[in-house]
>>> print(open('protein.json').read())   # JSON, C-alpha atoms and all ligand atoms
[["chain", "number", "residue", "atom", "x", "y", "z"],
["I", 297, "MET", "CA", 95.11, 82.02, 82.23],
["I", 298, "GLY", "CA", 92.01, 82.42, 84.35],
["I", 299, "LYS", "CA", 89.10, 84.51, 83.23],
["I", 300, "VAL", "CA", 88.22, 87.51, 85.38],
["I", 301, "ILE", "CA", 84.55, 88.50, 85.66],
["I", 302, "ALA", "CA", 83.39, 91.60, 87.54],
["I", 303, "ILE", "CA", 79.81, 91.57, 88.82],
["I", 304, "ALA", "CA", 78.58, 95.14, 88.70],
["I", 305, "ALA", "CA", 75.37, 97.15, 88.98],
["I", 306, "GLN", "CA", 74.96, 100.64, 90.29],
["I", 307, "LYS", "CA", 71.68, 99.77, 91.94],
["I", 308, "GLY", "CA", 71.80, 98.20, 95.40],
["I", 309, "GLY", "CA", 70.24, 94.90, 96.37],
["I", 310, "VAL", "CA", 69.92, 93.43, 92.87],
["I", 311, "GLY", "CA", 71.77, 90.22, 93.72],
["I", 312, "LYS", "CA", 75.42, 91.04, 92.95],
["I", 313, "SER", "CA", 76.86, 89.31, 96.01],
["I", 314, "THR", "CA", 74.42, 86.39, 95.79],
["I", 315, "THR", "CA", 75.36, 85.92, 92.13],
["I", 316, "CYS", "CA", 79.08, 86.17, 92.83],
["I", 317, "VAL", "CA", 78.91, 83.43, 95.47],
["I", 318, "ASN", "CA", 76.54, 81.07, 93.69],
["I", 319, "LEU", "CA", 77.98, 81.46, 90.20],
["I", 320, "GLY", "CA", 81.43, 80.91, 91.72],
["I", 321, "ILE", "CA", 80.37, 77.80, 93.58],
["I", 322, "GLY", "CA", 78.37, 76.64, 90.53],
["I", 323, "LEU", "CA", 81.61, 76.81, 88.50],
["I", 324, "ALA", "CA", 83.57, 75.04, 91.25],
["I", 325, "ARG", "CA", 80.97, 72.24, 91.15],
["I", 326, "LYS", "CA", 81.89, 71.88, 87.48],
["I", 327, "GLY", "CA", 85.50, 71.26, 88.46],
["I", 328, "LYS", "CA", 86.78, 74.81, 87.93],
["I", 329, "ARG", "CA", 89.33, 76.47, 90.22],
["I", 330, "VAL", "CA", 87.59, 79.62, 91.43],
["I", 331, "LEU", "CA", 88.66, 82.69, 93.39],
["I", 332, "LEU", "CA", 86.04, 85.16, 94.63],
["I", 333, "ILE", "CA", 87.18, 88.69, 95.50],
["I", 334, "ASP", "CA", 85.14, 90.99, 97.72],
["I", 335, "MET", "CA", 85.47, 94.63, 96.63],
["I", 336, "ASP", "CA", 82.61, 95.93, 98.76],
["I", 337, "PRO", "CA", 83.31, 97.44, 102.22],
["I", 338, "GLN", "CA", 79.96, 95.99, 103.36],
["I", 339, "GLY", "CA", 81.65, 92.56, 103.18],
["I", 340, "ASN", "CA", 78.39, 90.86, 102.18],
["I", 341, "MET", "CA", 80.09, 88.38, 99.89],
["I", 342, "SER", "CA", 82.41, 87.40, 102.73],
["I", 343, "SER", "CA", 79.39, 86.98, 105.04],
["I", 344, "CYS", "CA", 77.64, 84.82, 102.44],
["I", 345, "LEU", "CA", 80.76, 82.60, 102.46],
["I", 346, "GLY", "CA", 80.55, 82.06, 106.21],
["I", 347, "ILE", "CA", 82.50, 84.96, 107.77],
["I", 348, "GLU", "CA", 80.27, 86.00, 110.64],
["I", 349, "GLU", "CA", 81.93, 89.34, 111.36],
["I", 350, "PRO", "CA", 84.03, 90.56, 108.44],
["I", 351, "ASP", "CA", 84.95, 93.69, 110.43],
["I", 352, "SER", "CA", 86.88, 91.62, 112.95],
["I", 353, "LEU", "CA", 89.09, 89.96, 110.31],
["I", 354, "LYS", "CA", 92.79, 90.77, 110.73],
["I", 355, "VAL", "CA", 93.79, 90.26, 107.09],
["I", 356, "THR", "CA", 91.59, 91.26, 104.16],
["I", 357, "ILE", "CA", 91.99, 92.54, 100.63],
["I", 358, "VAL", "CA", 92.77, 95.93, 102.20],
["I", 359, "ASN", "CA", 96.16, 94.72, 103.49],
["I", 360, "ILE", "CA", 97.17, 93.39, 100.09],
["I", 361, "LEU", "CA", 96.04, 96.47, 98.17],
["I", 362, "GLU", "CA", 97.87, 98.70, 100.66],
["I", 363, "LYS", "CA", 101.06, 96.72, 100.13],
["I", 364, "ILE", "CA", 100.73, 97.08, 96.37],
["I", 365, "MET", "CA", 100.11, 100.82, 96.73],
["I", 366, "ASN", "CA", 103.21, 101.15, 98.93],
["I", 367, "ASP", "CA", 105.40, 98.96, 96.72],
["I", 368, "GLU", "CA", 105.89, 96.43, 99.51],
["I", 369, "GLN", "CA", 106.46, 92.69, 99.05],
["I", 370, "TRP", "CA", 103.41, 90.40, 99.22],
["I", 371, "GLU", "CA", 102.77, 86.69, 98.82],
["I", 372, "PRO", "CA", 100.19, 85.48, 96.25],
["I", 373, "THR", "CA", 98.47, 83.34, 98.89],
["I", 374, "GLU", "CA", 98.30, 86.12, 101.48],
["I", 375, "GLY", "CA", 94.85, 86.65, 102.99],
["I", 376, "LEU", "CA", 93.23, 83.92, 100.88],
["I", 377, "MET", "CA", 90.56, 81.84, 102.60],
["I", 378, "HIS", "CA", 89.03, 78.56, 101.50],
["I", 379, "GLN", "CA", 85.33, 77.84, 101.65],
["I", 380, "VAL", "CA", 84.09, 74.28, 102.22],
["I", 381, "GLU", "CA", 82.22, 74.14, 98.92],
["I", 382, "GLY", "CA", 85.45, 74.45, 96.96],
["I", 383, "VAL", "CA", 86.15, 78.11, 96.27],
["I", 384, "ASP", "CA", 88.94, 80.36, 97.53],
["I", 385, "PHE", "CA", 88.08, 83.90, 98.48],
["I", 386, "LEU", "CA", 89.67, 87.15, 99.49],
["I", 387, "PRO", "CA", 87.40, 88.86, 102.02],
["I", 388, "ALA", "CA", 86.75, 92.56, 102.59],
["I", 389, "ASN", "CA", 85.46, 94.67, 105.42],
["I", 390, "ILE", "CA", 84.69, 98.26, 106.34],
["I", 391, "GLU", "CA", 88.38, 99.24, 106.13],
["I", 392, "LEU", "CA", 88.04, 99.04, 102.36],
["I", 393, "ALA", "CA", 85.97, 102.25, 102.53],
["I", 394, "GLY", "CA", 88.98, 104.04, 104.07],
["I", 395, "LEU", "CA", 91.23, 102.65, 101.36],
["I", 396, "GLU", "CA", 88.94, 104.00, 98.68],
["I", 397, "THR", "CA", 89.45, 107.54, 99.95],
["I", 398, "THR", "CA", 93.27, 107.17, 100.06],
["I", 399, "LEU", "CA", 93.28, 105.74, 96.52],
["I", 400, "VAL", "CA", 92.34, 109.15, 95.18],
["I", 401, "ASN", "CA", 95.90, 110.44, 95.72],
["I", 402, "VAL", "CA", 97.73, 107.35, 94.51],
["I", 403, "ILE", "CA", 99.59, 107.00, 91.21],
["I", 404, "SER", "CA", 97.92, 104.34, 89.01],
["I", 405, "ARG", "CA", 95.00, 104.36, 91.40],
["I", 406, "GLU", "CA", 92.76, 102.58, 88.86],
["I", 407, "THR", "CA", 95.10, 99.61, 88.37],
["I", 408, "ILE", "CA", 95.93, 98.49, 91.93],
["I", 409, "LEU", "CA", 93.53, 95.53, 91.84],
["I", 410, "ARG", "CA", 94.73, 94.57, 88.37],
["I", 411, "GLU", "CA", 98.26, 94.29, 89.73],
["I", 412, "TYR", "CA", 97.02, 91.83, 92.34],
["I", 413, "ILE", "CA", 94.96, 89.81, 89.88],
["I", 414, "ASP", "CA", 97.66, 89.66, 87.21],
["I", 415, "ARG", "CA", 99.87, 87.87, 89.70],
["I", 416, "ILE", "CA", 97.35, 85.28, 90.91],
["I", 417, "ARG", "CA", 95.14, 84.65, 87.87],
["I", 418, "SER", "CA", 97.23, 81.77, 86.51],
["I", 419, "ILE", "CA", 96.31, 79.72, 89.61],
["I", 420, "TYR", "CA", 92.58, 79.89, 88.78],
["I", 421, "ASP", "CA", 90.16, 79.16, 85.97],
["I", 422, "TYR", "CA", 87.80, 81.92, 87.12],
["I", 423, "VAL", "CA", 88.28, 85.00, 89.28],
["I", 424, "ILE", "CA", 84.97, 86.67, 90.12],
["I", 425, "ILE", "CA", 84.84, 90.13, 91.71],
["I", 426, "ASP", "CA", 81.89, 91.37, 93.76],
["I", 427, "THR", "CA", 81.51, 95.15, 93.66],
["I", 428, "MET", "CA", 79.58, 97.73, 95.65],
["I", 429, "PRO", "CA", 76.48, 99.61, 94.45],
["I", 430, "SER", "CA", 78.38, 102.65, 93.23],
["I", 431, "LEU", "CA", 80.70, 103.51, 90.38],
["I", 432, "GLY", "CA", 83.51, 104.86, 92.55],
["I", 433, "MET", "CA", 87.20, 104.01, 92.51],
["I", 434, "LEU", "CA", 86.77, 100.48, 93.90],
["I", 435, "THR", "CA", 84.33, 99.52, 91.15],
["I", 436, "ILE", "CA", 86.56, 101.18, 88.53],
["I", 437, "ASN", "CA", 89.44, 99.03, 89.82],
["I", 438, "ALA", "CA", 87.28, 95.93, 89.35],
["I", 439, "LEU", "CA", 86.34, 96.96, 85.78],
["I", 440, "VAL", "CA", 89.97, 97.67, 84.93],
["I", 441, "ALA", "CA", 91.09, 94.28, 86.30],
["I", 442, "ALA", "CA", 88.30, 92.31, 84.58],
["I", 443, "ASP", "CA", 88.04, 90.55, 81.23],
["I", 444, "SER", "CA", 84.26, 90.86, 81.29],
["I", 445, "VAL", "CA", 81.35, 92.36, 83.24],
["I", 446, "LEU", "CA", 78.23, 90.52, 84.34],
["I", 447, "ILE", "CA", 75.35, 92.85, 85.19],
["I", 448, "PRO", "CA", 72.55, 91.58, 87.44],
["I", 449, "VAL", "CA", 69.26, 93.38, 86.91],
["I", 450, "GLU", "CA", 66.40, 92.95, 89.32],
["I", 451, "ALA", "CA", 63.14, 92.12, 87.60],
["I", 452, "ALA", "CA", 61.18, 94.52, 89.75],
["I", 453, "TYR", "CA", 61.71, 98.02, 88.42],
["I", 454, "LEU", "CA", 62.37, 99.76, 85.14],
["I", 455, "PRO", "CA", 65.94, 98.60, 84.62],
["I", 456, "ILE", "CA", 66.92, 100.46, 81.47],
["I", 457, "LYS", "CA", 67.41, 103.81, 83.16],
["I", 458, "GLY", "CA", 69.57, 102.37, 85.92],
["I", 459, "LEU", "CA", 71.80, 100.68, 83.36],
["I", 460, "GLN", "CA", 72.68, 103.81, 81.39],
["I", 461, "GLN", "CA", 75.21, 105.16, 83.87],
["I", 462, "LEU", "CA", 76.94, 101.78, 84.20],
["I", 463, "MET", "CA", 77.12, 101.36, 80.42],
["I", 464, "LYS", "CA", 78.67, 104.83, 80.13],
["I", 465, "THR", "CA", 81.25, 103.98, 82.78],
["I", 466, "ILE", "CA", 82.07, 100.68, 81.07],
["I", 467, "GLY", "CA", 82.53, 102.59, 77.79],
["I", 468, "ARG", "CA", 84.86, 105.07, 79.47],
["I", 469, "VAL", "CA", 86.89, 102.32, 81.13],
["I", 470, "ARG", "CA", 87.17, 100.60, 77.77],
["I", 471, "ARG", "CA", 88.36, 103.72, 75.99],
["I", 472, "GLN", "CA", 90.83, 104.87, 78.60],
["I", 473, "LEU", "CA", 91.95, 101.99, 80.79],
["I", 474, "ASN", "CA", 90.95, 98.51, 79.64],
["I", 475, "PRO", "CA", 90.24, 98.23, 75.89],
["I", 476, "GLU", "CA", 89.81, 94.45, 76.16],
["I", 477, "LEU", "CA", 86.85, 94.65, 78.56],
["I", 478, "GLN", "CA", 83.94, 92.53, 77.27],
["I", 479, "MET", "CA", 80.30, 92.25, 78.30],
["I", 480, "GLU", "CA", 79.65, 88.86, 79.88],
["I", 481, "GLY", "CA", 75.95, 89.58, 79.86],
["I", 482, "ILE", "CA", 72.89, 90.90, 81.64],
["I", 483, "LEU", "CA", 71.35, 88.54, 84.18],
["I", 484, "LEU", "CA", 67.77, 88.94, 85.33],
["I", 485, "THR", "CA", 67.47, 88.24, 89.07],
["I", 486, "LYS", "CA", 64.65, 87.90, 91.59],
["I", 487, "VAL", "CA", 62.21, 86.87, 88.88],
["I", 488, "ASP", "CA", 58.74, 86.23, 90.26],
["I", 489, "ARG", "CA", 57.50, 83.28, 88.26],
["I", 490, "ARG", "CA", 53.90, 84.06, 89.16],
["I", 491, "THR", "CA", 53.91, 87.13, 86.91],
["I", 492, "ASN", "CA", 54.80, 87.90, 83.31],
["I", 493, "PHE", "CA", 56.73, 90.99, 84.32],
["I", 494, "ALA", "CA", 60.12, 89.37, 83.62],
["I", 495, "LYS", "CA", 59.13, 88.70, 80.00],
["I", 496, "ASP", "CA", 58.30, 92.40, 79.52],
["I", 497, "ILE", "CA", 61.65, 93.40, 81.02],
["I", 498, "ILE", "CA", 63.55, 90.94, 78.82],
["I", 499, "THR", "CA", 61.81, 92.43, 75.76],
["I", 500, "LEU", "CA", 62.79, 95.94, 76.89],
["I", 501, "LEU", "CA", 66.39, 94.86, 77.53],
["I", 502, "GLN", "CA", 66.57, 93.13, 74.15],
["I", 503, "GLN", "CA", 65.35, 96.29, 72.44],
["I", 504, "ALA", "CA", 67.77, 98.57, 74.29],
["I", 505, "TYR", "CA", 70.91, 96.42, 74.53],
["I", 506, "GLY", "CA", 70.26, 93.10, 72.77],
["I", 507, "GLU", "CA", 72.48, 93.92, 69.82],
["I", 508, "ARG", "CA", 75.52, 94.73, 71.92],
["I", 509, "VAL", "CA", 75.07, 92.67, 75.06],
["I", 510, "HIS", "CA", 74.23, 89.03, 75.67],
["I", 511, "ILE", "CA", 71.12, 88.59, 77.80],
["I", 512, "PHE", "CA", 71.37, 85.37, 79.78],
["I", 513, "GLN", "CA", 68.69, 82.84, 78.95],
["I", 514, "ASN", "CA", 68.74, 81.62, 82.51],
["I", 515, "CYS", "CA", 67.06, 83.98, 84.94],
["I", 516, "ILE", "CA", 67.35, 83.67, 88.71],
["I", 517, "PRO", "CA", 63.94, 83.16, 90.32],
["I", 518, "LEU", "CA", 62.76, 85.10, 93.35],
["I", 519, "SER", "CA", 62.73, 82.84, 96.39],
["I", 520, "VAL", "CA", 62.90, 83.27, 100.13],
["I", 521, "ARG", "CA", 65.38, 80.37, 100.02],
["I", 522, "ALA", "CA", 67.88, 82.64, 98.27],
["I", 523, "ALA", "CA", 67.31, 85.40, 100.81],
["I", 524, "GLU", "CA", 68.04, 82.93, 103.63],
["I", 525, "THR", "CA", 71.50, 82.01, 102.30],
["I", 526, "SER", "CA", 73.03, 85.40, 103.20],
["I", 527, "ALA", "CA", 72.37, 84.76, 106.86],
["I", 528, "GLU", "CA", 73.30, 81.07, 106.66],
["I", 529, "GLY", "CA", 76.78, 81.72, 105.26],
["I", 530, "LYS", "CA", 76.52, 79.00, 102.66],
["I", 531, "SER", "CA", 75.55, 78.70, 99.04],
["I", 532, "ILE", "CA", 72.13, 77.88, 97.68],
["I", 533, "PHE", "CA", 73.55, 74.49, 96.64],
["I", 534, "LEU", "CA", 73.95, 73.52, 100.30],
["I", 535, "HIS", "CA", 70.96, 75.40, 101.63],
["I", 536, "ASP", "CA", 68.33, 74.28, 99.13],
["I", 537, "PRO", "CA", 69.99, 71.95, 96.61],
["I", 538, "LYS", "CA", 66.82, 70.90, 94.85],
["I", 539, "GLY", "CA", 65.22, 74.34, 94.73],
["I", 540, "ILE", "CA", 64.62, 76.64, 91.78],
["I", 541, "VAL", "CA", 67.38, 79.08, 92.71],
["I", 542, "ALA", "CA", 70.05, 76.35, 92.86],
["I", 543, "GLU", "CA", 68.80, 75.18, 89.48],
["I", 544, "GLY", "CA", 68.99, 78.76, 88.15],
["I", 545, "TYR", "CA", 72.57, 79.34, 89.32],
["I", 546, "GLN", "CA", 73.78, 75.96, 88.08],
["I", 547, "ALA", "CA", 72.26, 76.69, 84.67],
["I", 548, "LEU", "CA", 73.93, 80.12, 84.73],
["I", 549, "ALA", "CA", 77.31, 78.51, 85.48],
["I", 550, "GLU", "CA", 76.79, 76.18, 82.52],
["I", 551, "GLU", "CA", 75.81, 79.09, 80.28],
["I", 552, "VAL", "CA", 78.96, 81.00, 81.29],
["I", 553, "LEU", "CA", 81.06, 77.90, 80.52],
["I", 554, "SER", "CA", 79.41, 77.29, 77.17],
["I", 555, "ARG", "CA", 79.79, 80.93, 76.13],
["I", 556, "GLU", "CA", 83.46, 80.68, 77.01],
["I", 557, "SER", "CA", 83.98, 77.65, 74.79],
["I", 558, "THR", "CA", 82.08, 79.30, 71.91],
["I", 559, "GLN", "CA", 84.28, 82.38, 72.34],
["I", 560, "CYS", "CA", 87.46, 80.23, 72.38],
["I", 561, "ALA", "CA", 86.37, 78.44, 69.21],
["I", 562, "LYS", "CA", 85.66, 81.82, 67.59],
["I", 563, "ASP", "CA", 89.04, 83.26, 68.63],
["I", 564, "HIS", "CA", 90.71, 80.14, 67.29],
["I", 565, "SER", "CA", 88.99, 80.41, 63.93],
["I", 566, "ASP", "CA", 89.73, 84.17, 63.80],
["I", 567, "ALA", "CA", 93.41, 83.34, 64.32],
["I", 568, "LEU", "CA", 93.47, 80.84, 61.44],
["T", 1, "LIG", "N1", 66.81, 85.22, 93.93],
["T", 1, "LIG", "C1", 66.55, 85.84, 95.07],
["T", 1, "LIG", "N2", 65.34, 85.73, 95.66],
["T", 1, "LIG", "C2", 65.08, 86.36, 96.82],
["T", 1, "LIG", "N3", 65.96, 87.10, 97.51],
["T", 1, "LIG", "C3", 67.18, 87.26, 96.97],
["T", 1, "LIG", "C4", 67.55, 86.64, 95.73],
["T", 1, "LIG", "N4", 68.84, 86.98, 95.47],
["T", 1, "LIG", "C5", 69.25, 87.75, 96.48],
["T", 1, "LIG", "N5", 68.26, 87.93, 97.39],
["T", 1, "LIG", "C6", 68.34, 88.72, 98.63],
["T", 1, "LIG", "O1", 68.25, 90.10, 98.27],
["T", 1, "LIG", "C7", 69.12, 90.87, 99.08],
["T", 1, "LIG", "C8", 70.12, 91.59, 98.18],
["T", 1, "LIG", "O2", 70.92, 90.61, 97.53],
["T", 1, "LIG", "P1", 72.48, 90.83, 97.36],
["T", 1, "LIG", "O3", 73.10, 91.18, 98.66],
["T", 1, "LIG", "O4", 73.02, 89.67, 96.61],
["T", 1, "LIG", "O5", 72.42, 92.10, 96.41],
["T", 1, "LIG", "P2", 73.61, 93.12, 96.08],
["T", 1, "LIG", "O6", 73.32, 93.64, 94.72],
["T", 1, "LIG", "O7", 74.92, 92.49, 96.31],
["T", 1, "LIG", "O8", 73.37, 94.25, 97.17],
["T", 1, "LIG", "P3", 74.35, 95.48, 97.49],
["T", 1, "LIG", "O9", 74.10, 96.45, 96.37],
["T", 1, "LIG", "O10", 73.90, 95.98, 98.81],
["T", 1, "LIG", "O11", 75.75, 94.96, 97.49],
["T", 1, "LIG", "C9", 69.78, 89.90, 100.06],
["T", 1, "LIG", "O12", 69.06, 89.91, 101.26],
["T", 1, "LIG", "C10", 69.65, 88.57, 99.35],
["T", 1, "LIG", "O13", 69.63, 87.50, 100.25],
["T", 2, "MG", "MG", 76.53, 93.10, 97.49]]
>>> encode(input="protein.json", output="structure tokens", more="lines below")
Ligand SMILES: Nc1ncnc2c1ncn2[C@@H]1O[C@H](COP(=O)(O)OP(=O)(O)OP(=O)(O)O)[C@@H](O)[C@H]1O
Ligand SMILES: [Mg+2]
Amino acid sequence: MGKVIAIAAQKGGVGKSTTCVNLGIGLARKGKRVLLIDMDPQGNMSSCLGIEEPDSLKVTIVNILEKIMNDEQWEPTEGLMHQVEGVDFLPANIELAGLETTLVNVISRETILREYIDRIRSIYDYVIIDTMPSLGMLTINALVAADSVLIPVEAAYLPIKGLQQLMKTIGRVRRQLNPELQMEGILLTKVDRRTNFAKDIITLLQQAYGERVHIFQNCIPLSVRAAETSAEGKSIFLHDPKGIVAEGYQALAEEVLSRESTQCAKDHSDAL
């Protein structure tokens, strides 16, 4: 069974979509079968994967979710696209914003995405969901469908305050809708290596959340090279393979893999 990771942060522009794409491709480079799901009507993840105009796409995640909502038949491969660097993805566009408003009146409105993922997850090792910078119904759907949440935090503002609302929402989802939801970890992004600011933020995060949440050892450095990838429609591994950001995301992929194997070993020993 594949593992499902939601990338979530209430704050905008912290590197959710960039992390979704580059962690996904980092895992694919390690031989994993990866599906990336865009749950943001801005369609940034889809753009980062080479879709020039997501709004002109005929089939997106919206069509599939609508079919599930209306109890219509759908094929597991419907709408899936393949990116040259080895990941599959399900794109989104502005129509997803309309779907979010109709979801409000739907029975089981929080579990529509989970229904989709439950049917396709056996085909993949990892399913990674990009979410939008809000904690509305689309993000709730992602948290309900996920096994774990990865939270990117930008190393440029006081992050603790911004995290409180997300942590509350995760707690509520856990209590009411998805008791199995785990924390994958907090990832520091856009770290300016010329300053010591990131170290201070890591200390603050450790104090506030370190006991409950893993804080990734690998931070993602700030680099104009990363900013360029959004417009280029390819990953950092193609755009700047030897750069510090590619190194950061590859190390993150390895850390996610090694945490998974530690967790499996722990589950195994718990079962004995
Ligand atoms: N490590 C980095 N260094 C410099 N720029 C970066 C880095 N990571 C991402 N960026 C740039 O910062 C901007 C925001 O990144 P991204 O779109 O990944 O954030 P997001 O959290 O998904 O935003 P939103 O909340 O709007 O969905 C983009 O222009 C992106 O190219
Ligand atoms: Mg985004």
>>> closest_residue(input="protein.json", among="I:Leu323, I:Arg521, I:Lys495, I:Lys363", to="Asp421 of chain I", atoms="all atoms listed in the file")
I:Leu323
>>> residues_around(input="protein.json", residues="segment 348-351 of chain I", least_positions_apart="4", cutoff="7 Å", atoms="all atoms listed in the file", output="list in words")
Gly339, Ser342, Ser343, Ala388, Asn389 and Ile390 of chain I
>>> write_last_selection(input="protein.json", atoms="C-alpha atoms", output="PDB file, in the coordinates of the input")
ATOM      1  CA  GLY I 339      81.650  92.560 103.180  1.00  0.00           C
ATOM      2  CA  SER I 342      82.410  87.400 102.730  1.00  0.00           C
ATOM      3  CA  SER I 343      79.390  86.980 105.040  1.00  0.00           C
ATOM      4  CA  ALA I 388      86.750  92.560 102.590  1.00  0.00           C
ATOM      5  CA  ASN I 389      85.460  94.670 105.420  1.00  0.00           C
ATOM      6  CA  ILE I 390      84.690  98.260 106.340  1.00  0.00           C
TER       7      ILE I 390
END
>>> residues_near_ligand(input="protein.json", ligand="ligand LIG 1 (chain T)", cutoff="8 Å", atoms="all atoms listed in the file", output="JSON, numbers by chain")
{"I": [305, 306, 307, 308, 309, 310, 311, 312, 313, 314, 315, 316, 336, 338, 340, 341, 426, 427, 428, 429, 448, 485, 486, 487, 516, 517, 518, 519, 520, 521, 522, 523, 524, 525, 526, 527, 541]}
>>> closest_residue(input="protein.json", among="I:Ile425, I:Gln369, I:Glu406, I:Arg555", to="ligand MG 2 (chain T)", atoms="all atoms listed in the file")
I:Ile425
>>> closest_residue(input="protein.json", among="I:Phe533, I:Thr435, I:Pro372, I:Glu411", to="ligand MG 2 (chain T)", atoms="only C-alpha atoms and all ligand atoms")
I:Thr435
>>> residues_around(input="protein.json", residues="Pro475 of chain I", least_positions_apart="4", cutoff="10 Å", atoms="only C-alpha atoms", output="ChimeraX atom specification")
/I:440,443,466-471
>>> residues_near_point(input="protein.json", point="(83.9, 86.8, 81.6)", cutoff="10 Å", atoms="all atoms listed in the file", output="PyMOL selection string")
chain I and resi 298-303+422-424+442-446+477-481+552-553+555-556
>>> write_last_selection(input="protein.json", atoms="C-alpha atoms", output="mmCIF file, in the frame of the given file")
data_model
loop_
_atom_site.group_PDB
_atom_site.id
_atom_site.type_symbol
_atom_site.label_atom_id
_atom_site.label_comp_id
_atom_site.auth_asym_id
_atom_site.auth_seq_id
_atom_site.Cartn_x
_atom_site.Cartn_y
_atom_site.Cartn_z
ATOM 1 C CA GLY I 298 92.010 82.420 84.350
ATOM 2 C CA LYS I 299 89.100 84.510 83.230
ATOM 3 C CA VAL I 300 88.220 87.510 85.380
ATOM 4 C CA ILE I 301 84.550 88.500 85.660
ATOM 5 C CA ALA I 302 83.390 91.600 87.540
ATOM 6 C CA ILE I 303 79.810 91.570 88.820
ATOM 7 C CA TYR I 422 87.800 81.920 87.120
ATOM 8 C CA VAL I 423 88.280 85.000 89.280
ATOM 9 C CA ILE I 424 84.970 86.670 90.120
ATOM 10 C CA ALA I 442 88.300 92.310 84.580
ATOM 11 C CA ASP I 443 88.040 90.550 81.230
ATOM 12 C CA SER I 444 84.260 90.860 81.290
ATOM 13 C CA VAL I 445 81.350 92.360 83.240
ATOM 14 C CA LEU I 446 78.230 90.520 84.340
ATOM 15 C CA LEU I 477 86.850 94.650 78.560
ATOM 16 C CA GLN I 478 83.940 92.530 77.270
ATOM 17 C CA MET I 479 80.300 92.250 78.300
ATOM 18 C CA GLU I 480 79.650 88.860 79.880
ATOM 19 C CA GLY I 481 75.950 89.580 79.860
ATOM 20 C CA VAL I 552 78.960 81.000 81.290
ATOM 21 C CA LEU I 553 81.060 77.900 80.520
ATOM 22 C CA ARG I 555 79.790 80.930 76.130
ATOM 23 C CA GLU I 556 83.460 80.680 77.010
#
>>> closest_residue(input="protein.json", among="I:Gly432, I:Gly322, I:Gly346, I:Gly506", to="Ala549 of chain I", atoms="all atoms listed in the file")
I:Gly322
>>> closest_residue(input="protein.json", among="I:Asp414, I:Glu381, I:Asp496, I:Glu543", to="Lys530 of chain I", atoms="all atoms listed in the file")
I:Glu381
>>> atom_distance(input="protein.json", atom1="atom CA of Ser531 of chain I", atom2="atom CA of Pro337 of chain I")
20.5 Å
>>> closest_residue(input="protein.json", among="I:Leu392, I:Leu459, I:Ile321, I:Cys344", to="ligand MG 2 (chain T)", atoms="all atoms listed in the file")
I:Cys344
>>> atom_distance(input="protein.json", atom1="atom CA of Gly375 of chain I", atom2="atom CA of Thr356 of chain I")
5.8 Å
